[in-house]
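The structure file protein23.tsv is reproduced below (TSV, C-alpha atoms).
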chain	number	residue	atom	x	y	z
A	1070	MET	CA	45.49	-30.44	-27.73
A	1071	GLY	CA	45.64	-27.13	-25.84
A	1072	PHE	CA	43.52	-25.37	-28.43
A	1073	ASP	CA	40.86	-28.13	-28.32
A	1074	ARG	CA	40.53	-27.82	-24.52
A	1075	LEU	CA	40.26	-24.05	-24.73
A	1076	PHE	CA	37.62	-24.35	-27.46
A	1077	LEU	CA	35.59	-26.90	-25.43
A	1078	SER	CA	35.89	-24.78	-22.30
A	1079	LEU	CA	34.61	-21.69	-24.16
A	1080	PHE	CA	31.87	-23.74	-25.81
A	1081	TYR	CA	30.57	-25.13	-22.51
A	1082	THR	CA	30.85	-21.73	-20.82
A	1083	SER	CA	28.84	-20.18	-23.67
A	1084	LEU	CA	26.19	-22.92	-23.37
A	1085	LEU	CA	25.93	-22.37	-19.62
A	1086	LEU	CA	25.64	-18.61	-20.07
A	1087	ALA	CA	22.96	-19.03	-22.76
A	1088	PHE	CA	21.02	-21.39	-20.46
A	1089	VAL	CA	21.18	-18.97	-17.51
A	1090	LEU	CA	20.09	-16.02	-19.66
A	1091	ASN	CA	17.25	-18.03	-21.16
A	1092	CYS	CA	16.00	-19.15	-17.75
A	1093	SER	CA	16.13	-15.63	-16.33
A	1094	SER	CA	13.99	-14.32	-19.18
A	1095	CYS	CA	11.30	-16.95	-18.55
A	1096	LYS	CA	9.83	-15.17	-15.53
A	1097	LYS	CA	6.08	-15.35	-15.35
A	1098	LYS	CA	4.22	-12.16	-16.08
A	1099	GLU	CA	3.27	-10.55	-12.81
A	1100	GLU	CA	-0.35	-11.31	-12.08
A	1101	ILE	CA	-2.27	-9.16	-9.66
A	1102	GLY	CA	-6.00	-9.40	-9.16
A	1103	PRO	CA	-8.44	-6.56	-9.81
A	1104	ALA	CA	-8.96	-5.73	-6.11
A	1105	PRO	CA	-6.54	-3.16	-4.67
A	1106	VAL	CA	-4.01	-4.37	-2.09
A	1107	ILE	CA	-2.77	-2.06	0.66
A	1108	ARG	CA	0.11	-2.28	3.12
A	1109	PHE	CA	0.88	-0.14	6.17
A	1110	VAL	CA	4.00	2.05	5.93
A	1111	SER	CA	3.94	4.59	8.77
A	1112	LEU	CA	1.91	6.47	11.38
A	1113	GLN	CA	3.07	9.86	12.65
A	1114	PRO	CA	3.47	11.45	15.08
A	1115	ASN	CA	3.50	8.76	17.71
A	1116	PRO	CA	2.84	9.72	20.44
A	1117	ALA	CA	0.45	12.48	19.39
A	1118	VAL	CA	-0.86	15.36	21.48
A	1119	LYS	CA	-4.64	15.11	21.87
A	1120	ASN	CA	-6.72	17.74	20.05
A	1121	THR	CA	-3.52	19.24	18.55
A	1122	ASP	CA	-1.56	16.92	16.23
A	1123	VAL	CA	-2.77	15.97	12.76
A	1124	ILE	CA	-2.33	12.20	12.37
A	1125	LYS	CA	-0.56	11.15	9.15
A	1126	ILE	CA	-0.96	7.57	7.98
A	1127	LEU	CA	1.10	6.42	5.00
A	1128	ILE	CA	-0.04	3.34	3.09
A	1129	GLU	CA	1.28	1.62	-0.01
A	1130	TYR	CA	-1.18	0.47	-2.68
A	1131	THR	CA	-1.12	-1.88	-5.66
A	1132	ASP	CA	-4.03	-2.16	-8.08
A	1133	GLY	CA	-3.94	-4.83	-10.77
A	1134	ASP	CA	-6.25	-3.13	-13.24
A	1135	GLY	CA	-5.49	0.54	-12.62
A	1136	ASP	CA	-9.01	1.68	-11.73
A	1137	LEU	CA	-8.20	3.07	-8.31
A	1138	GLY	CA	-9.32	6.61	-7.64
A	1139	GLU	CA	-12.32	8.66	-8.62
A	1140	ASN	CA	-12.82	12.03	-10.29
A	1141	THR	CA	-16.40	12.49	-9.06
A	1142	PRO	CA	-16.02	14.86	-6.07
A	1143	ASP	CA	-18.73	13.35	-3.86
A	1144	LYS	CA	-17.63	9.69	-4.25
A	1145	LYS	CA	-15.61	8.33	-1.34
A	1146	ASN	CA	-13.19	5.44	-1.82
A	1147	LEU	CA	-10.79	5.43	1.15
A	1148	PHE	CA	-12.13	4.63	4.60
A	1149	VAL	CA	-10.38	4.96	7.98
A	1150	THR	CA	-12.20	3.74	11.10
A	1151	ASP	CA	-11.21	4.70	14.65
A	1152	MET	CA	-11.48	1.33	16.37
A	1153	ARG	CA	-12.22	2.88	19.78
A	1154	ASN	CA	-15.61	4.22	18.78
A	1155	GLU	CA	-16.17	2.90	15.20
A	1156	ILE	CA	-16.25	6.43	13.73
A	1157	THR	CA	-15.29	6.21	10.05
A	1158	TYR	CA	-13.57	8.98	8.13
A	1159	ALA	CA	-14.31	8.79	4.38
A	1160	TYR	CA	-11.99	10.32	1.79
A	1161	ARG	CA	-11.82	10.57	-1.98
A	1162	ILE	CA	-8.68	9.47	-3.79
A	1163	SER	CA	-8.45	11.20	-7.17
A	1164	GLN	CA	-8.14	8.94	-10.21
A	1165	LEU	CA	-4.57	7.62	-10.18
A	1166	ALA	CA	-4.13	6.39	-13.77
A	1167	PRO	CA	-5.38	7.89	-17.04
A	1168	THR	CA	-6.37	4.45	-18.32
A	1169	THR	CA	-7.40	1.09	-16.91
A	1170	GLY	CA	-5.90	-2.32	-17.50
A	1171	ILE	CA	-2.47	-1.47	-16.12
A	1172	ILE	CA	-0.86	-2.29	-12.78
A	1173	ILE	CA	-0.41	0.79	-10.63
A	1174	ARG	CA	1.57	1.16	-7.40
A	1175	GLY	CA	2.29	4.02	-5.08
A	1176	ASN	CA	1.83	5.58	-1.68
A	1177	LEU	CA	-1.09	7.46	-0.22
A	1178	GLN	CA	-0.91	9.68	2.84
A	1179	VAL	CA	-4.08	10.15	4.86
A	1180	HIS	CA	-4.38	13.11	7.22
A	1181	LEU	CA	-6.75	12.57	10.14
A	1182	PRO	CA	-7.90	15.56	12.16
A	1183	PRO	CA	-6.48	15.97	15.68
A	1184	GLN	CA	-7.86	13.20	17.86
A	1185	GLY	CA	-9.57	13.55	21.21
A	1186	MET	CA	-9.48	11.08	24.05
A	1187	MET	CA	-12.41	8.89	25.06
A	1188	ASN	CA	-11.57	9.35	28.75
A	1189	ASP	CA	-9.92	12.66	29.60
A	1190	ALA	CA	-9.16	11.39	33.10
A	1191	ASN	CA	-6.34	9.29	31.63
A	1192	SER	CA	-3.00	10.87	30.80
A	1193	THR	CA	-2.60	8.63	27.72
A	1194	GLU	CA	-4.81	6.54	25.49
A	1195	THR	CA	-4.11	4.21	22.57
A	1196	VAL	CA	-5.99	4.03	19.32
A	1197	THR	CA	-5.74	1.86	16.22
A	1198	TYR	CA	-7.28	2.51	12.83
A	1199	ARG	CA	-8.78	0.10	10.29
A	1200	ILE	CA	-8.26	1.14	6.64
A	1201	TYR	CA	-9.51	-0.09	3.28
A	1202	LEU	CA	-9.98	1.20	-0.29
A	1203	VAL	CA	-12.63	0.64	-2.96
A	1204	ASP	CA	-11.86	0.94	-6.68
A	1205	ARG	CA	-14.22	2.20	-9.41
A	1206	ALA	CA	-15.44	-1.34	-10.16
A	1207	GLY	CA	-16.45	-1.74	-6.49
A	1208	ASN	CA	-13.59	-4.09	-5.61
A	1209	ARG	CA	-12.69	-3.69	-1.96
A	1210	SER	CA	-9.07	-3.94	-0.85
A	1211	ASN	CA	-7.81	-5.92	2.07
A	1212	GLU	CA	-8.28	-4.25	5.44
A	1213	LEU	CA	-5.26	-3.25	7.41
A	1214	VAL	CA	-5.05	-2.26	11.05
A	1215	THR	CA	-2.44	0.27	12.05
A	1216	PRO	CA	-0.13	-0.22	15.00
A	1217	ALA	CA	-1.33	1.49	18.18
A	1218	LEU	CA	-1.07	5.26	18.31
A	1219	THR	CA	-0.58	6.79	21.75
A	1220	LEU	CA	-2.51	9.97	22.48
A	1221	ARG	CA	-1.28	12.08	25.37
A	1222	GLN	CA	-2.46	15.17	27.22
Mind converting the file's structure to structure tokens?
Amino acid sequence: MGFDRLFLSLFYTSLLLAFVLNCSSCKKKEEIGPAPVIRFVSLQPNPAVKNTDVIKILIEYTDGDGDLGENTPDKKNLFVTDMRNEITYAYRISQLAPTTGIIIRGNLQVHLPPQGMMNDANSTETVTYRIYLVDRAGNRSNELVTPALTLRQ
């Protein structure tokens, strides 16, 4: 009788293990649309000294079909708008993947030139930036707005 119980116990444990392994391998294939998706990571330095500090914005990107970036030098595909005055800085991201049809992920760091203040009579001023990307097919990413950056004298 002891051997039969041990055998049944091992049998049911093996069935349970096979079921768990089978279920864990049934994950759906990750589906990401063709438009890039961006997420804010960091903004430095904060506070920044007006007309002195280069502003570094780090964003994370995901592109479902791998066509983010451009090798044509005069094509712009990353846009950062100063929300105080609606001035837009346009940048070119180099092609990020050698082929299309693959999911790509990574980080991009944008360097903005030192920022001035709209009203020099103030000792500090805050600014936020709106950012989006466009891939080679013309798909526009979501827009993100950075947290407030404090500029100081």
Using only C-alpha atoms, can you tell me which of A:Ala1159, A:Ala1104, A:Val1196, A:Leu1202 comes closest to A:Ala1217?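 The shortest atom-to-atom distance to A:Ala1217 comes from A:Val1196.
As for atom CA of A:Thr1121 and atom CA of A:Phe1148, they are spaced 22.0 Å apart.
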Hey, which of A:Ile1101, A:Leu1177, A:Ala1190, A:Leu1137 ends up closest to A:Lys1125? Count all atoms listed in the file. A:Leu1177
Top pick for closest residue to A:Val1110, considering A:Gly1135, A:Asn1176, A:Arg1199, A:Asp1189 and counting only C-alpha atoms: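 Selected residue with least distance to A:Val1110: A:Asn1176.
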Please, what is the axis-aligned box for every listed atom of stretch 1197-1210 of chain A with 5 Å on each side, as centre and edge lengths in Å to one decimal, as AutoDock Vina command-line options?
--center_x -11.1 --center_y -0.8 --center_z 3.0 --size_x 20.7 --size_y 16.6 --size_z 36.4
Within 8 Å of stretch 1139-1147 of chain A, counting only C-alpha atoms, which residues show up once you throw out same-chain ones fewer than 6 positions away? Write them as a VMD selection string, please. chain A and resid 1159 to 1165 1200 to 1205
Of A:Glu1212, A:Asp1122, A:Asp1136, A:Glu1100, the one nearest to A:Gly1185 when counting all atoms listed in the file is A:Asp1122
For a quick check of your reading of the model, name the residues lying within 12 Å of the coordinate (-6.5, 1.8, 12.2), counting all atoms listed in the file, and write them as an MDAnalysis selection string. chainID A and resid 1108:1109 1111:1112 1124:1128 1148:1158 1179 1181 1195:1201 1212:1218
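Atom CA of A:Pro1105 sits 6.8 Å away from atom CA of A:Tyr1130.
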